[in-house]
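Just below is one structure, and these are the notes that go with it.
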Amino acid sequence: MKIRNLELKKGIAGLFMIPALTLTGCGKSDCDLREYHLHKYEKDGFVRYIDDEHLDNDGYSWTDELVYVKESDKDLYKAEKKNDLLLINQNKEALSNSASQLDDYVEYEYSYKVPHHIRTGKVTVTTYSTSYDWTTDSEHGNLTGNARLCRYTYTAYKLVLNEKGKYELVSGVTSEDINDIISNQDEYPYMKVNFYDSKVIAEGKIDEAQNAYFPDLGKSYSKK
């Protein structure tokens, strides 16, 4: 598998930027440039470069800042788009600010009934089994008394060329600290647009005071 040397975090970050003259109407810009290009889109401090002229793209707002894409970079851009990637270098501040607001949270186990319909001749008999799932709603019905503490995690990625000359997404660093991801951006320059995941770090019970208590950590979390 061949790893492409991504110059300047490559992708579309290092391509030539120019202003574009535009008008808006019918939900699209009036950009009529014929050369293949991407427009800068922004959302809550996050930046993406997208092959689109709509004023809104999944919550991202169109701007008149753009980049031309060289023919040799088109496949790389398409791989970025296909995998919903953000360039870390373009979004460091937004990533840091967003991650600073993501605290540990409690999930509560609840039970629910699942119907099973059994037909015998002309008669249908319905039986029920019990299944379980998790919710962050501390007032959810049918809580079992079990709780778990979850923590956000972050993963970085890179795109590599395989033996067939196609780009593949390779996951790299996973960390509970967004700064670990940012500091490793030279090797793994991407994160997903939905840039966080979570994992269970402790299991516990709802105590008599109706708080979630985690004995291994010696911590209690009150219901919100």
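Naming scheme: A, B, ... for chains in displayed order of the structure tokens; residues 1 onward per chain; ligands 1 onward as shown.
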
Exercise. Name the residues in contact with Glu107 (chain A) at a cut-off of 10 Å, using only C-alpha atoms, excluding same-chain residues fewer than 6 positions from it; report them as JSON, numbers by chain.
Key: {"A": [133, 134, 135, 136, 137, 138, 146, 147, 148, 149, 150, 200, 203, 212]}

Practice problem: Once DSSP has gone over the backbone, tell me which residues of region 74-150 of chain A are in alpha helix (DSSP H), as a list of chain:residue names. | Solution: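 After running DSSP on the backbone, region 74-150 of chain A has alpha helix (DSSP H) at A:Lys74, A:Asp75, A:Leu76, A:Tyr77, A:Lys78, A:Ala79, A:Glu80, A:Lys81, A:Lys82, A:Lys92, A:Glu93, A:Ala94, A:Leu95, A:Ser96, A:Asn97, A:Ser98, A:Ala99.
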
Quiz prompt | Nearest residue to Lys205 (chain A) from the set A:Ala156, A:Val193, A:Val106, A:Val125 (distances using only C-alpha atoms) | solution = A:Val106

Quiz item: Skipping near chain neighbours, those fewer than 6 positions away, what residues fall within 6 Å of region 170-178 of chain A using only C-alpha atoms, listed as a ChimeraX atom specification?
Solution: /A:153-158

Quiz item: CA of Tyr108 (chain A) and CA of Thr144 (chain A), how far apart in Å?
Solution: 7.9 Å

Self-check item: Between CA of Tyr49 (chain A) and CA of Lys192 (chain A), distance in Å (one decimal)
Solution: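 A separation of 13.9 Å between them.
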
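From CA of Tyr77 (chain A) back to CA of Glu53 (chain A), the distance works out to 16.4 Å.
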